[in-house]
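Structure data follow from run.cif (mmCIF, C-alpha atoms and all ligand atoms):
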data_data
#
loop_
_atom_site.group_PDB
_atom_site.id
_atom_site.type_symbol
_atom_site.label_atom_id
_atom_site.label_comp_id
_atom_site.auth_asym_id
_atom_site.auth_seq_id
_atom_site.Cartn_x
_atom_site.Cartn_y
_atom_site.Cartn_z
ATOM 1 C CA MET W 160 111.764 77.872 94.935
ATOM 2 C CA ILE W 161 109.925 79.902 92.286
ATOM 3 C CA ALA W 162 106.663 81.376 93.605
ATOM 4 C CA MET W 163 103.434 80.453 91.869
ATOM 5 C CA LYS W 164 101.833 83.345 90.021
ATOM 6 C CA ILE W 165 98.336 84.691 90.481
ATOM 7 C CA VAL W 166 96.642 87.348 88.384
ATOM 8 C CA GLY W 167 93.635 89.165 89.827
ATOM 9 C CA ILE W 168 91.369 90.923 87.353
ATOM 10 C CA CYS W 169 89.125 93.700 88.644
ATOM 11 C CA GLY W 170 86.108 94.098 86.366
ATOM 12 C CA SER W 171 84.878 97.409 87.800
ATOM 13 C CA PRO W 172 85.297 100.719 85.970
ATOM 14 C CA ARG W 173 85.710 102.372 89.401
ATOM 15 C CA GLU W 174 88.249 102.240 92.221
ATOM 16 C CA LYS W 175 85.585 101.296 94.789
ATOM 17 C CA ALA W 176 84.141 98.134 96.303
ATOM 18 C CA THR W 177 85.344 95.436 93.883
ATOM 19 C CA ASP W 178 88.806 96.985 93.648
ATOM 20 C CA HIS W 179 89.004 97.021 97.461
ATOM 21 C CA VAL W 180 87.993 93.401 98.040
ATOM 22 C CA LEU W 181 90.180 92.054 95.231
ATOM 23 C CA LYS W 182 93.190 93.884 96.685
ATOM 24 C CA GLU W 183 92.376 92.379 100.107
ATOM 25 C CA ALA W 184 92.244 88.910 98.498
ATOM 26 C CA LEU W 185 95.574 89.453 96.773
ATOM 27 C CA LYS W 186 97.141 90.611 100.059
ATOM 28 C CA MET W 187 96.011 87.346 101.702
ATOM 29 C CA LEU W 188 97.477 85.369 98.811
ATOM 30 C CA GLU W 189 100.761 87.265 98.924
ATOM 31 C CA GLU W 190 101.018 86.400 102.633
ATOM 32 C CA ARG W 191 100.636 82.757 101.589
ATOM 33 C CA GLY W 192 103.708 83.061 99.364
ATOM 34 C CA PHE W 193 102.231 83.672 95.923
ATOM 35 C CA GLU W 194 103.495 86.233 93.437
ATOM 36 C CA ILE W 195 100.469 88.394 92.751
ATOM 37 C CA THR W 196 99.553 90.841 89.983
ATOM 38 C CA PHE W 197 96.547 93.145 90.118
ATOM 39 C CA PHE W 198 95.068 93.999 86.734
ATOM 40 C CA GLY W 199 92.282 96.604 86.909
ATOM 41 C CA LEU W 200 90.021 97.164 83.919
ATOM 42 C CA ARG W 201 89.317 100.736 85.045
ATOM 43 C CA GLY W 202 90.527 103.094 82.317
ATOM 44 C CA LYS W 203 91.653 100.231 80.093
ATOM 45 C CA LYS W 204 90.703 100.047 76.435
ATOM 46 C CA ILE W 205 89.524 96.494 75.877
ATOM 47 C CA SER W 206 87.168 96.061 72.962
ATOM 48 C CA PRO W 207 84.570 93.286 72.805
ATOM 49 C CA CYS W 208 85.438 90.289 70.632
ATOM 50 C CA LEU W 209 84.477 90.916 66.999
ATOM 51 C CA HIS W 210 84.294 87.248 66.070
ATOM 52 C CA CYS W 211 86.388 88.003 62.986
ATOM 53 C CA ASP W 212 88.211 84.661 63.434
ATOM 54 C CA PHE W 213 91.530 86.390 62.720
ATOM 55 C CA CYS W 214 92.877 84.653 65.838
ATOM 56 C CA HIS W 215 92.051 81.235 64.448
ATOM 57 C CA LYS W 216 94.070 81.886 61.326
ATOM 58 C CA ASN W 217 96.873 83.986 62.821
ATOM 59 C CA LYS W 218 97.122 82.739 66.431
ATOM 60 C CA GLU W 219 96.739 86.257 67.827
ATOM 61 C CA CYS W 220 94.010 88.861 68.256
ATOM 62 C CA ARG W 221 93.633 91.472 65.548
ATOM 63 C CA ILE W 222 92.573 94.148 68.035
ATOM 64 C CA LYS W 223 95.782 95.621 69.428
ATOM 65 C CA ASP W 224 94.458 97.204 72.613
ATOM 66 C CA ASP W 225 95.128 96.875 76.362
ATOM 67 C CA MET W 226 94.211 93.193 76.267
ATOM 68 C CA TYR W 227 97.791 92.715 75.118
ATOM 69 C CA GLU W 228 98.939 93.710 78.657
ATOM 70 C CA LEU W 229 96.754 90.986 80.110
ATOM 71 C CA TYR W 230 97.481 88.165 77.649
ATOM 72 C CA PRO W 231 100.974 87.374 79.008
ATOM 73 C CA LEU W 232 99.772 87.616 82.613
ATOM 74 C CA LEU W 233 97.011 85.101 81.919
ATOM 75 C CA ARG W 234 99.328 82.819 79.979
ATOM 76 C CA GLU W 235 101.894 82.711 82.787
ATOM 77 C CA ALA W 236 99.488 82.585 85.749
ATOM 78 C CA ASP W 237 99.041 79.458 87.844
ATOM 79 C CA GLY W 238 95.925 80.943 89.413
ATOM 80 C CA ILE W 239 93.284 83.390 88.189
ATOM 81 C CA VAL W 240 90.952 85.542 90.281
ATOM 82 C CA PHE W 241 88.091 87.259 88.499
ATOM 83 C CA ALA W 242 86.416 89.928 90.633
ATOM 84 C CA THR W 243 83.401 91.689 89.190
ATOM 85 C CA PRO W 244 80.637 94.015 90.271
ATOM 86 C CA VAL W 245 77.207 92.512 89.591
ATOM 87 C CA TYR W 246 75.611 94.241 86.631
ATOM 88 C CA ASN W 247 72.061 93.179 85.792
ATOM 89 C CA GLY W 248 72.520 89.876 87.551
ATOM 90 C CA GLY W 249 75.745 89.006 85.745
ATOM 91 C CA VAL W 250 79.352 90.087 85.301
ATOM 92 C CA SER W 251 80.209 93.620 84.141
ATOM 93 C CA SER W 252 80.600 94.154 80.407
ATOM 94 C CA GLN W 253 84.280 94.937 81.054
ATOM 95 C CA THR W 254 84.725 91.486 82.609
ATOM 96 C CA LYS W 255 82.822 89.783 79.815
ATOM 97 C CA ALA W 256 84.949 91.503 77.163
ATOM 98 C CA VAL W 257 88.086 90.038 78.779
ATOM 99 C CA MET W 258 86.552 86.556 78.875
ATOM 100 C CA ASP W 259 85.555 86.700 75.209
ATOM 101 C CA ARG W 260 88.911 88.069 74.113
ATOM 102 C CA CYS W 261 90.577 85.025 75.710
ATOM 103 C CA ARG W 262 89.411 83.162 72.600
ATOM 104 C CA ALA W 263 92.611 84.403 70.968
ATOM 105 C CA LEU W 264 94.776 82.801 73.668
ATOM 106 C CA ALA W 265 93.049 79.465 73.187
ATOM 107 C CA ALA W 266 93.316 79.832 69.405
ATOM 108 C CA ALA W 267 97.089 80.103 69.747
ATOM 109 C CA ASP W 268 97.329 77.270 72.287
ATOM 110 C CA PHE W 269 94.284 75.104 72.941
ATOM 111 C CA ASN W 270 95.657 74.036 76.333
ATOM 112 C CA VAL W 271 96.706 77.487 77.501
ATOM 113 C CA PHE W 272 94.346 77.478 80.513
ATOM 114 C CA ARG W 273 94.394 73.788 81.268
ATOM 115 C CA GLY W 274 95.265 72.982 84.885
ATOM 116 C CA LYS W 275 95.199 76.567 86.132
ATOM 117 C CA ILE W 276 93.085 77.157 89.251
ATOM 118 C CA GLY W 277 90.364 79.828 89.292
ATOM 119 C CA MET W 278 88.285 81.564 91.932
ATOM 120 C CA ALA W 279 85.624 84.236 91.745
ATOM 121 C CA ILE W 280 84.596 87.312 93.729
ATOM 122 C CA THR W 281 81.362 89.166 93.029
ATOM 123 C CA VAL W 282 80.090 92.405 94.557
ATOM 124 C CA GLY W 283 76.439 93.429 94.356
ATOM 125 C CA GLY W 284 74.723 96.580 95.564
ATOM 126 C CA ASP W 285 71.818 94.477 96.848
ATOM 127 C CA ARG W 286 72.122 91.729 99.426
ATOM 128 C CA MET W 287 70.796 89.232 96.905
ATOM 129 C CA GLY W 288 71.378 91.035 93.626
ATOM 130 C CA GLY W 289 72.688 88.162 91.545
ATOM 131 C CA GLN W 290 76.103 87.572 93.117
ATOM 132 C CA GLU W 291 75.853 83.802 92.588
ATOM 133 C CA LEU W 292 74.584 84.238 89.031
ATOM 134 C CA ALA W 293 77.640 86.340 88.242
ATOM 135 C CA ILE W 294 79.885 83.741 89.901
ATOM 136 C CA GLN W 295 78.219 81.083 87.793
ATOM 137 C CA GLN W 296 79.224 83.018 84.667
ATOM 138 C CA ILE W 297 82.847 83.121 85.829
ATOM 139 C CA ILE W 298 82.822 79.428 86.728
ATOM 140 C CA THR W 299 81.359 78.621 83.312
ATOM 141 C CA PHE W 300 84.215 80.521 81.683
ATOM 142 C CA TYR W 301 86.677 78.516 83.778
ATOM 143 C CA VAL W 302 85.107 75.167 82.903
ATOM 144 C CA LEU W 303 84.877 75.979 79.199
ATOM 145 C CA ASN W 304 88.556 76.824 79.131
ATOM 146 C CA GLY W 305 89.932 74.035 81.308
ATOM 147 C CA VAL W 306 90.531 76.157 84.405
ATOM 148 C CA VAL W 307 89.714 74.238 87.608
ATOM 149 C CA PRO W 308 87.212 76.372 89.567
ATOM 150 C CA VAL W 309 87.216 76.415 93.354
ATOM 151 C CA GLY W 310 84.622 77.751 95.774
ATOM 152 C CA GLY W 311 85.031 78.344 99.464
ATOM 153 C CA GLY W 312 82.973 75.411 100.693
ATOM 154 C CA SER W 313 79.601 75.136 102.367
ATOM 155 C CA PHE W 314 78.429 77.352 105.238
ATOM 156 C CA GLY W 315 79.185 80.692 103.698
ATOM 157 C CA ALA W 316 81.224 80.524 100.514
ATOM 158 C CA ASN W 317 79.718 77.774 98.410
ATOM 159 C CA LEU W 318 80.637 78.998 94.935
ATOM 160 C CA GLY W 319 83.142 81.663 95.898
ATOM 161 C CA ALA W 320 83.302 85.047 97.588
ATOM 162 C CA THR W 321 80.172 87.195 97.504
ATOM 163 C CA PHE W 322 79.821 90.741 98.813
ATOM 164 C CA TRP W 323 76.972 93.139 99.527
ATOM 165 C CA SER W 324 78.287 96.678 99.047
ATOM 166 C CA LYS W 325 75.064 98.680 99.459
ATOM 167 C CA ASP W 326 76.564 100.539 96.482
ATOM 168 C CA THR W 327 79.365 102.078 98.531
ATOM 169 C CA LEU W 328 82.970 101.400 99.474
ATOM 170 C CA GLU W 329 82.036 101.851 103.148
ATOM 171 C CA GLY W 330 79.256 99.289 102.712
ATOM 172 C CA VAL W 331 81.580 96.601 101.377
ATOM 173 C CA LYS W 332 84.113 97.269 104.149
ATOM 174 C CA GLU W 333 81.369 96.566 106.703
ATOM 175 C CA ASP W 334 80.302 93.295 105.065
ATOM 176 C CA GLU W 335 81.692 90.808 107.592
ATOM 177 C CA GLU W 336 79.945 87.845 105.953
ATOM 178 C CA GLY W 337 81.468 88.852 102.623
ATOM 179 C CA PHE W 338 84.964 88.846 104.102
ATOM 180 C CA ARG W 339 84.300 85.479 105.736
ATOM 181 C CA SER W 340 83.348 84.103 102.303
ATOM 182 C CA LEU W 341 86.528 85.639 100.897
ATOM 183 C CA ARG W 342 88.809 84.088 103.546
ATOM 184 C CA LYS W 343 87.232 80.660 103.018
ATOM 185 C CA THR W 344 87.574 80.900 99.235
ATOM 186 C CA VAL W 345 91.165 82.150 99.390
ATOM 187 C CA ARG W 346 92.079 79.234 101.668
ATOM 188 C CA ARG W 347 90.685 76.637 99.237
ATOM 189 C CA PHE W 348 92.181 78.423 96.228
ATOM 190 C CA SER W 349 95.597 78.493 97.895
ATOM 191 C CA ASP W 350 95.329 74.840 98.987
ATOM 192 C CA ASN W 351 94.425 73.784 95.441
ATOM 193 C CA LEU W 352 97.335 75.694 93.978
ATOM 194 C CA LYS W 353 99.743 74.143 96.469
ATOM 195 C CA GLY W 354 98.214 70.687 96.059
ATOM 196 C CA VAL W 355 97.260 70.455 99.723
ATOM 197 C CA ALA W 356 94.403 68.113 100.681
ATOM 198 C CA PRO W 357 91.449 70.039 102.192
ATOM 199 C CA GLY W 358 91.969 70.736 105.863
ATOM 200 C CA LYS W 359 95.615 69.599 105.815
ATOM 201 C CA GLU W 360 97.748 72.731 105.751
ATOM 202 C CA LYS W 361 101.318 72.205 104.591
HETATM 203 C C1 LIG O 1 74.789 98.944 85.186
HETATM 204 C C2 LIG O 1 74.699 98.484 86.600
HETATM 205 C C3 LIG O 1 73.949 97.369 86.888
HETATM 206 C C4 LIG O 1 73.877 96.909 88.196
HETATM 207 N N1 LIG O 1 73.148 95.783 88.451
HETATM 208 C C5 LIG O 1 73.136 95.265 89.697
HETATM 209 C C6 LIG O 1 72.470 94.032 89.951
HETATM 210 O O1 LIG O 1 71.907 93.386 89.073
HETATM 211 N N2 LIG O 1 72.493 93.553 91.225
HETATM 212 C C7 LIG O 1 73.109 94.224 92.254
HETATM 213 O O2 LIG O 1 73.108 93.731 93.383
HETATM 214 N N3 LIG O 1 73.760 95.400 92.033
HETATM 215 C C8 LIG O 1 73.796 95.923 90.778
HETATM 216 N N4 LIG O 1 74.500 97.088 90.537
HETATM 217 C C9 LIG O 1 75.209 97.734 91.657
HETATM 218 C C10 LIG O 1 76.684 97.336 91.728
HETATM 219 O O3 LIG O 1 76.865 95.940 91.588
HETATM 220 C C11 LIG O 1 77.286 97.739 93.068
HETATM 221 O O4 LIG O 1 77.149 99.127 93.272
HETATM 222 C C12 LIG O 1 78.749 97.348 93.203
HETATM 223 O O5 LIG O 1 79.185 97.572 94.505
HETATM 224 C C13 LIG O 1 79.628 98.144 92.245
HETATM 225 O O6 LIG O 1 80.962 97.766 92.436
HETATM 226 P P1 LIG O 1 82.169 98.851 92.422
HETATM 227 O O7 LIG O 1 81.931 99.713 93.612
HETATM 228 O O8 LIG O 1 83.374 98.050 92.516
HETATM 229 O O9 LIG O 1 82.057 99.591 91.134
HETATM 230 C C14 LIG O 1 74.559 97.595 89.240
HETATM 231 C C15 LIG O 1 75.317 98.727 88.933
HETATM 232 C C16 LIG O 1 75.393 99.172 87.637
HETATM 233 C C17 LIG O 1 76.224 100.378 87.317
#
Just give me the structure of the file as structure tokens.
Amino acid sequence: MIAMKIVGICGSPREKATDHVLKEALKMLEERGFEITFFGLRGKKISPCLHCDFCHKNKECRIKDDMYELYPLLREADGIVFATPVYNGGVSSQTKAVMDRCRALAAADFNVFRGKIGMAITVGGDRMGGQELAIQQIITFYVLNGVVPVGGGSFGANLGATFWSKDTLEGVKEDEEGFRSLRKTVRRFSDNLKGVAPGKEK
């Protein structure tokens, strides 16, 4: 049987808290039998969308930068995980650039994202620094593009996985509640991908 593919996008410019928790999530998913790809935005050259509408006429983006490494991964993925640090109560600008540049994928194929499953991980320096606002932005991207968003369920992971890093890698590693929200979200994400009814493991 061919394994379902998951791409995890790390929206931090650093190899710290967000990078760590996304890699933990991908490890859990690999153990559940998925083929996983980590795509970090650290060091990548991904320009913001210029709204030149070249993609609408030519079915590809005019800006030939590192987004071209991510386009095929997104196209082929069954599941998408966006993980972002919280910046000013929202996603990082690196994450937002990726979302906006996906316009070119949809311009080439309107249904490119339809039926994929998406989950979100956000990492804030403060305990309540806007993690759910940033998740909301990711979920909005999913809904707008036909990706089915999943959270982790009530009692801890309502909209997805949320972490409190206290601005350090050590801080995020100590965030037990954050990891509980991650495990719950990964379970639902995996179940949705495999078409398993909630609570009925295959
Ligand atoms: C520009 C900027 C804005 C930030 N805004 C917020 C914020 O609104 N809320 C919050 O909780 N943390 C905020 N932080 C802190 C980061 O979210 C936090 O340090 C996070 O762990 C960084 O993730 P990383 O270690 O993966 O880079 C901000 C950090 C930066 C650099």
Measure the distance from atom CA of Pro207 of chain W to atom CA of Asp178 of chain W in Å and round it to one decimal.
->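 Separating atom CA of Pro207 of chain W from atom CA of Asp178 of chain W is a distance of 21.6 Å.
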What does the PyMOL selection byres (((chain W and resi 286-289) around 12) and not hetatm) select in this file, as a ChimeraX atom specification?
-> /W:243-251,281-285,290-296,321-326,330-331,334,336-337
Evaluate the PyMOL selection byres (((chain W and resi 230) around 12) and not hetatm) on the structure here and hand back the selected residues as a ChimeraX atom specification.
-> /W:166,168,198,205,219-220,223-229,231-236,257-258,260-265,267,271-272
Would you mind telling me which residue in W:Val309, W:Met163, W:Cys208, W:Ala320 lies nearest to Arg191 of chain W when using all atoms listed in the file?
->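 Of all the options, W:Met163 lies closest to Arg191 of chain W.
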What does the distance from atom CA of Gln253 of chain W to atom CA of Leu200 of chain W come to in Å, to one decimal?
-> 6.8 Å
Interatomic distance, atom CA of Lys203 of chain W to atom CA of Arg342 of chain W (Å, one decimal) =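 If I compute the distance from atom CA of Lys203 of chain W to atom CA of Arg342 of chain W, I get 28.6 Å.
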Between W:Arg173, W:Gly354, W:Leu341, W:Thr254, which has the minimum distance to Met187 of chain W (counting all atoms listed in the file)?
->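 Result for the nearest residue to Met187 of chain W: W:Leu341.
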Let me know the centre plus edge lengths, in Å and rounded to one decimal, of a box with edges along x, y and z that contains all listed atoms of ligand LIG 1 (chain O) and is padded by 4 Å on every side, as lines of an AutoDock Vina configuration file.
center_x = 77.6
center_y = 96.9
center_z = 89.8
size_x = 19.5
size_y = 15.0
size_z = 17.3
Which is closer to Ala176 of chain W than all the others in W:Ala266, W:Ala242, W:Val306, W:Ala316, using all atoms listed in the file?
-> W:Ala242
Hey, which of W:Ile297, W:Ile165, W:Val345, W:Ala184 ends up closest to Asp259 of chain W? Count all atoms listed in the file.
->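 For Asp259 of chain W, the nearest of the candidates is W:Ile297.
Point (90.5, 82.0, 93.9) has the following residues at most 9 Å away: W:Ile165, W:Gly167, W:Ala184, W:Gly238, W:Ile239, W:Val240, W:Phe241, W:Ile276, W:Gly277, W:Met278, W:Ala279, W:Ile280, W:Pro308, W:Val309, W:Gly310, W:Gly311, W:Gly319, W:Ala320, W:Leu341, W:Thr344, W:Val345, W:Arg346, W:Arg347, W:Phe348, W:Ser349 (atoms considered: all atoms listed in the file).
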Dump of C-alpha atoms for the selected residues, as an mmCIF file, in the coordinates of the input:
data_model
loop_
_atom_site.group_PDB
_atom_site.id
_atom_site.type_symbol
_atom_site.label_atom_id
_atom_site.label_comp_id
_atom_site.auth_asym_id
_atom_site.auth_seq_id
_atom_site.Cartn_x
_atom_site.Cartn_y
_atom_site.Cartn_z
ATOM 1 C CA ILE W 165 98.336 84.691 90.481
ATOM 2 C CA GLY W 167 93.635 89.165 89.827
ATOM 3 C CA ALA W 184 92.244 88.910 98.498
ATOM 4 C CA GLY W 238 95.925 80.943 89.413
ATOM 5 C CA ILE W 239 93.284 83.390 88.189
ATOM 6 C CA VAL W 240 90.952 85.542 90.281
ATOM 7 C CA PHE W 241 88.091 87.259 88.499
ATOM 8 C CA ILE W 276 93.085 77.157 89.251
ATOM 9 C CA GLY W 277 90.364 79.828 89.292
ATOM 10 C CA MET W 278 88.285 81.564 91.932
ATOM 11 C CA ALA W 279 85.624 84.236 91.745
ATOM 12 C CA ILE W 280 84.596 87.312 93.729
ATOM 13 C CA PRO W 308 87.212 76.372 89.567
ATOM 14 C CA VAL W 309 87.216 76.415 93.354
ATOM 15 C CA GLY W 310 84.622 77.751 95.774
ATOM 16 C CA GLY W 311 85.031 78.344 99.464
ATOM 17 C CA GLY W 319 83.142 81.663 95.898
ATOM 18 C CA ALA W 320 83.302 85.047 97.588
ATOM 19 C CA LEU W 341 86.528 85.639 100.897
ATOM 20 C CA THR W 344 87.574 80.900 99.235
ATOM 21 C CA VAL W 345 91.165 82.150 99.390
ATOM 22 C CA ARG W 346 92.079 79.234 101.668
ATOM 23 C CA ARG W 347 90.685 76.637 99.237
ATOM 24 C CA PHE W 348 92.181 78.423 96.228
ATOM 25 C CA SER W 349 95.597 78.493 97.895
#
For Thr196 of chain W, which residue out of W:Arg221, W:Lys164, W:His210, W:Lys216 is the nearest one, using all atoms listed in the file?
-> W:Lys164
Go through W:Leu328, W:Cys169, W:Phe314, W:Thr299 and flag the residue nearest Gly202 of chain W, using all atoms listed in the file for the distances.
-> W:Cys169
Kindly write N, CA, C and O atoms of segment 288-310 of chain W from the structure just given to a file, as a short mmCIF file (atom, residue, chain, number, x, y, z; two decimals), in the first residue's frame.
data_model
loop_
_atom_site.label_atom_id
_atom_site.label_comp_id
_atom_site.auth_asym_id
_atom_site.auth_seq_id
_atom_site.Cartn_x
_atom_site.Cartn_y
_atom_site.Cartn_z
N GLY W 288 -0.55 34.55 24.08
CA GLY W 288 0.02 35.59 23.22
C GLY W 288 -0.60 35.66 21.84
O GLY W 288 -0.05 36.31 20.94
N GLY W 289 -1.72 34.97 21.66
CA GLY W 289 -2.36 35.00 20.34
C GLY W 289 -2.25 33.69 19.59
O GLY W 289 -2.47 33.63 18.38
N GLN W 290 -1.95 32.60 20.33
CA GLN W 290 -1.83 31.29 19.66
C GLN W 290 -3.09 30.93 18.87
O GLN W 290 -3.01 30.46 17.74
N GLU W 291 -4.26 31.16 19.48
CA GLU W 291 -5.50 30.78 18.78
C GLU W 291 -5.82 31.74 17.63
O GLU W 291 -6.46 31.34 16.65
N LEU W 292 -5.37 32.98 17.75
CA LEU W 292 -5.58 33.91 16.63
C LEU W 292 -4.74 33.47 15.43
O LEU W 292 -5.19 33.52 14.28
N ALA W 293 -3.52 33.03 15.72
CA ALA W 293 -2.65 32.56 14.62
C ALA W 293 -3.22 31.27 14.01
O ALA W 293 -3.20 31.10 12.79
N ILE W 294 -3.75 30.40 14.86
CA ILE W 294 -4.39 29.17 14.34
C ILE W 294 -5.56 29.54 13.45
O ILE W 294 -5.78 28.95 12.39
N GLN W 295 -6.32 30.55 13.90
CA GLN W 295 -7.49 30.96 13.12
C GLN W 295 -7.07 31.37 11.71
O GLN W 295 -7.75 31.08 10.73
N GLN W 296 -5.93 32.05 11.62
CA GLN W 296 -5.42 32.48 10.30
C GLN W 296 -5.10 31.27 9.42
O GLN W 296 -5.37 31.26 8.23
N ILE W 297 -4.51 30.25 10.04
CA ILE W 297 -4.17 29.04 9.28
C ILE W 297 -5.45 28.32 8.85
O ILE W 297 -5.60 27.90 7.70
N ILE W 298 -6.40 28.23 9.77
CA ILE W 298 -7.67 27.55 9.45
C ILE W 298 -8.40 28.31 8.34
O ILE W 298 -8.99 27.71 7.44
N THR W 299 -8.34 29.62 8.39
CA THR W 299 -8.98 30.43 7.33
C THR W 299 -8.34 30.12 5.98
O THR W 299 -9.04 29.95 4.97
N PHE W 300 -7.03 30.02 5.96
CA PHE W 300 -6.34 29.65 4.72
C PHE W 300 -6.84 28.29 4.23
O PHE W 300 -7.12 28.11 3.04
N TYR W 301 -6.96 27.34 5.16
CA TYR W 301 -7.43 26.01 4.77
C TYR W 301 -8.83 26.10 4.16
O TYR W 301 -9.08 25.56 3.08
N VAL W 302 -9.73 26.77 4.86
CA VAL W 302 -11.12 26.83 4.40
C VAL W 302 -11.20 27.51 3.03
O VAL W 302 -11.89 27.04 2.12
N LEU W 303 -10.49 28.60 2.88
CA LEU W 303 -10.52 29.34 1.61
C LEU W 303 -10.04 28.49 0.44
O LEU W 303 -10.46 28.69 -0.70
N ASN W 304 -9.17 27.54 0.74
CA ASN W 304 -8.58 26.75 -0.34
C ASN W 304 -9.13 25.33 -0.45
O ASN W 304 -8.65 24.55 -1.26
N GLY W 305 -10.13 25.02 0.37
CA GLY W 305 -10.75 23.69 0.25
C GLY W 305 -10.06 22.61 1.05
O GLY W 305 -10.39 21.43 0.90
N VAL W 306 -9.10 23.00 1.90
CA VAL W 306 -8.46 22.03 2.79
C VAL W 306 -9.41 21.83 3.99
O VAL W 306 -9.96 22.80 4.50
N VAL W 307 -9.57 20.58 4.43
CA VAL W 307 -10.45 20.32 5.57
C VAL W 307 -9.62 20.47 6.85
O VAL W 307 -8.69 19.71 7.09
N PRO W 308 -9.95 21.50 7.67
CA PRO W 308 -9.14 21.71 8.89
C PRO W 308 -9.59 20.82 10.03
O PRO W 308 -10.79 20.59 10.20
N VAL W 309 -8.63 20.30 10.79
CA VAL W 309 -9.00 19.55 12.00
C VAL W 309 -8.30 20.14 13.22
O VAL W 309 -7.15 20.58 13.15
N GLY W 310 -9.05 20.17 14.33
CA GLY W 310 -8.46 20.54 15.62
C GLY W 310 -8.25 19.27 16.42
O GLY W 310 -8.39 18.16 15.89
#
